[in-house]
Amino acid sequence: MTPNGTAIRSIRTASKVSLRQLALRTGRHRSFLSRVERGLSGASTETIQSIAQALNVPTAAITREG
């Protein structure tokens, strides 16, 4: 499963969720999430699922496979 950073950022900003808030909700570091959004870092399936849950969207909405 490959994260789609553009989709993550788009959904996050449309939901008015800051990177800091997303970090708190997922238990991941803000700089790591920023790298995922910019496509500089991959993410485990667990992390992708955690991000999707924190943004209240299906996992497919934030992956390249979806």
# chains A, B, ... in the order shown; residues from 1 in each chain; ligands from 1
>>> residues_around(residues="Gln53 (chain A)", least_positions_apart="3", cutoff="12 Å", atoms="only C-alpha atoms", output="ChimeraX atom specification")
/A:8,12,22,25-26,46-50,56-62
>>> write_last_selection(atoms="N, CA and C atoms", output="CSV table (one decimal), in the first residue's frame")
chain,number,residue,atom,x,y,z
A,8,ILE,N,-3.6,13.0,0.9
A,8,ILE,CA,-3.6,13.2,2.3
A,8,ILE,C,-3.6,14.7,2.6
A,12,ARG,N,-6.7,16.7,4.4
A,12,ARG,CA,-6.3,17.3,5.7
A,12,ARG,C,-6.6,18.7,5.7
A,22,LEU,N,-2.9,16.3,13.2
A,22,LEU,CA,-2.8,14.9,12.6
A,22,LEU,C,-1.8,14.1,13.4
A,25,ARG,N,-3.3,12.9,16.6
A,25,ARG,CA,-4.3,11.9,16.4
A,25,ARG,C,-3.7,10.6,16.0
A,26,THR,N,-2.6,10.6,15.3
A,26,THR,CA,-2.0,9.3,14.8
A,26,THR,C,-0.9,8.8,15.6
A,46,GLU,N,-0.1,0.2,8.6
A,46,GLU,CA,-0.6,0.6,9.9
A,46,GLU,C,-0.7,2.1,9.9
A,47,THR,N,0.3,2.8,9.5
A,47,THR,CA,0.3,4.3,9.5
A,47,THR,C,-0.7,4.8,8.6
A,48,ILE,N,-0.8,4.3,7.4
A,48,ILE,CA,-1.8,4.7,6.4
A,48,ILE,C,-3.2,4.6,7.0
A,49,GLN,N,-3.5,3.4,7.6
A,49,GLN,CA,-4.8,3.2,8.2
A,49,GLN,C,-5.0,4.2,9.3
A,50,SER,N,-4.0,4.5,10.1
A,50,SER,CA,-4.1,5.5,11.2
A,50,SER,C,-4.4,6.9,10.7
A,56,ASN,N,-11.0,10.6,9.0
A,56,ASN,CA,-12.4,10.1,8.8
A,56,ASN,C,-12.7,9.8,7.3
A,57,VAL,N,-11.7,9.1,6.7
A,57,VAL,CA,-11.9,8.7,5.3
A,57,VAL,C,-11.5,7.3,5.1
A,58,PRO,N,-12.0,6.6,4.1
A,58,PRO,CA,-11.6,5.2,3.8
A,58,PRO,C,-10.1,5.2,3.4
A,59,THR,N,-9.4,4.1,3.7
A,59,THR,CA,-8.0,4.0,3.4
A,59,THR,C,-7.8,4.2,1.9
A,60,ALA,N,-8.7,3.7,1.1
A,60,ALA,CA,-8.5,3.9,-0.4
A,60,ALA,C,-8.4,5.3,-0.8
A,61,ALA,N,-9.0,6.2,0.0
A,61,ALA,CA,-9.0,7.7,-0.4
A,61,ALA,C,-7.6,8.3,-0.3
A,62,ILE,N,-6.7,7.7,0.4
A,62,ILE,CA,-5.4,8.2,0.6
A,62,ILE,C,-4.2,7.3,0.2
>>> select_by_dssp(residues="chain A", states="alpha helix (DSSP H)", output="short mmCIF file (atom, residue, chain, number, x, y, z; two decimals) with N, CA and C atoms, in the first residue's frame")
data_model
loop_
_atom_site.label_atom_id
_atom_site.label_comp_id
_atom_site.auth_asym_id
_atom_site.auth_seq_id
_atom_site.Cartn_x
_atom_site.Cartn_y
_atom_site.Cartn_z
N GLY A 5 0.42 11.22 -0.98
CA GLY A 5 0.64 12.41 -0.16
C GLY A 5 -0.21 13.59 -0.56
N THR A 6 -0.41 13.75 -1.86
CA THR A 6 -1.24 14.86 -2.34
C THR A 6 -2.66 14.73 -1.83
N ALA A 7 -3.19 13.51 -1.86
CA ALA A 7 -4.56 13.28 -1.38
C ALA A 7 -4.63 13.50 0.13
N ILE A 8 -3.62 13.04 0.85
CA ILE A 8 -3.61 13.22 2.31
C ILE A 8 -3.63 14.71 2.64
N ARG A 9 -2.76 15.48 2.01
CA ARG A 9 -2.71 16.92 2.28
C ARG A 9 -4.02 17.60 1.90
N SER A 10 -4.55 17.25 0.75
CA SER A 10 -5.80 17.85 0.28
C SER A 10 -6.95 17.59 1.26
N ILE A 11 -7.09 16.36 1.69
CA ILE A 11 -8.16 16.00 2.63
C ILE A 11 -7.91 16.67 3.98
N ARG A 12 -6.66 16.65 4.41
CA ARG A 12 -6.33 17.26 5.71
C ARG A 12 -6.65 18.75 5.72
N THR A 13 -6.23 19.46 4.68
CA THR A 13 -6.47 20.90 4.66
C THR A 13 -7.95 21.22 4.47
N ALA A 14 -8.65 20.43 3.66
CA ALA A 14 -10.09 20.65 3.48
C ALA A 14 -10.85 20.42 4.79
N LEU A 19 -1.08 19.80 10.57
CA LEU A 19 -0.15 18.68 10.69
C LEU A 19 0.04 18.30 12.16
N ARG A 20 0.07 19.30 13.02
CA ARG A 20 0.22 19.03 14.45
C ARG A 20 -0.95 18.22 14.98
N GLN A 21 -2.16 18.61 14.58
CA GLN A 21 -3.34 17.86 15.01
C GLN A 21 -3.32 16.43 14.48
N LEU A 22 -2.92 16.28 13.23
CA LEU A 22 -2.85 14.94 12.64
C LEU A 22 -1.81 14.10 13.37
N ALA A 23 -0.69 14.72 13.72
CA ALA A 23 0.35 14.02 14.47
C ALA A 23 -0.19 13.54 15.82
N LEU A 24 -0.92 14.38 16.49
CA LEU A 24 -1.50 14.01 17.79
C LEU A 24 -2.51 12.87 17.63
N ARG A 25 -3.31 12.93 16.58
CA ARG A 25 -4.33 11.91 16.36
C ARG A 25 -3.75 10.56 15.97
N THR A 26 -2.62 10.58 15.28
CA THR A 26 -2.04 9.33 14.77
C THR A 26 -0.89 8.79 15.62
N ARG A 30 5.14 15.02 13.48
CA ARG A 30 4.71 15.99 12.48
C ARG A 30 5.64 16.02 11.27
N SER A 31 6.95 15.97 11.49
CA SER A 31 7.89 16.03 10.37
C SER A 31 7.79 14.77 9.50
N PHE A 32 7.52 13.63 10.11
CA PHE A 32 7.33 12.40 9.34
C PHE A 32 6.10 12.53 8.46
N LEU A 33 4.99 13.01 9.02
CA LEU A 33 3.76 13.17 8.25
C LEU A 33 3.97 14.17 7.11
N SER A 34 4.74 15.20 7.34
CA SER A 34 5.05 16.17 6.29
C SER A 34 5.80 15.50 5.15
N ARG A 35 6.77 14.65 5.49
CA ARG A 35 7.54 13.93 4.46
C ARG A 35 6.63 12.98 3.67
N VAL A 36 5.69 12.34 4.33
CA VAL A 36 4.74 11.46 3.65
C VAL A 36 3.91 12.29 2.67
N GLU A 37 3.40 13.43 3.12
CA GLU A 37 2.59 14.29 2.25
C GLU A 37 3.38 14.78 1.03
N THR A 45 1.45 0.13 6.30
CA THR A 45 0.00 -0.05 6.19
C THR A 45 -0.68 0.44 7.46
N GLU A 46 -0.09 0.16 8.59
CA GLU A 46 -0.65 0.60 9.87
C GLU A 46 -0.73 2.13 9.95
N THR A 47 0.32 2.79 9.49
CA THR A 47 0.34 4.26 9.51
C THR A 47 -0.71 4.83 8.56
N ILE A 48 -0.81 4.25 7.38
CA ILE A 48 -1.80 4.72 6.40
C ILE A 48 -3.20 4.56 6.96
N GLN A 49 -3.47 3.43 7.59
CA GLN A 49 -4.78 3.21 8.19
C GLN A 49 -5.04 4.19 9.33
N SER A 50 -4.00 4.51 10.08
CA SER A 50 -4.12 5.46 11.18
C SER A 50 -4.44 6.86 10.66
N ILE A 51 -3.78 7.25 9.58
CA ILE A 51 -4.03 8.56 8.96
C ILE A 51 -5.47 8.62 8.45
N ALA A 52 -5.90 7.57 7.75
CA ALA A 52 -7.26 7.53 7.21
C ALA A 52 -8.29 7.65 8.33
N GLN A 53 -8.06 6.92 9.41
CA GLN A 53 -8.99 6.97 10.53
C GLN A 53 -9.01 8.37 11.14
N ALA A 54 -7.84 8.98 11.29
CA ALA A 54 -7.76 10.32 11.88
C ALA A 54 -8.46 11.36 11.01
N LEU A 55 -8.47 11.13 9.69
CA LEU A 55 -9.11 12.07 8.77
C LEU A 55 -10.55 11.68 8.45
#
>>> residues_around(residues="Thr2 (chain A)", least_positions_apart="2", cutoff="7 Å", atoms="only C-alpha atoms", output="ChimeraX atom specification")
/A:4,42,63-64
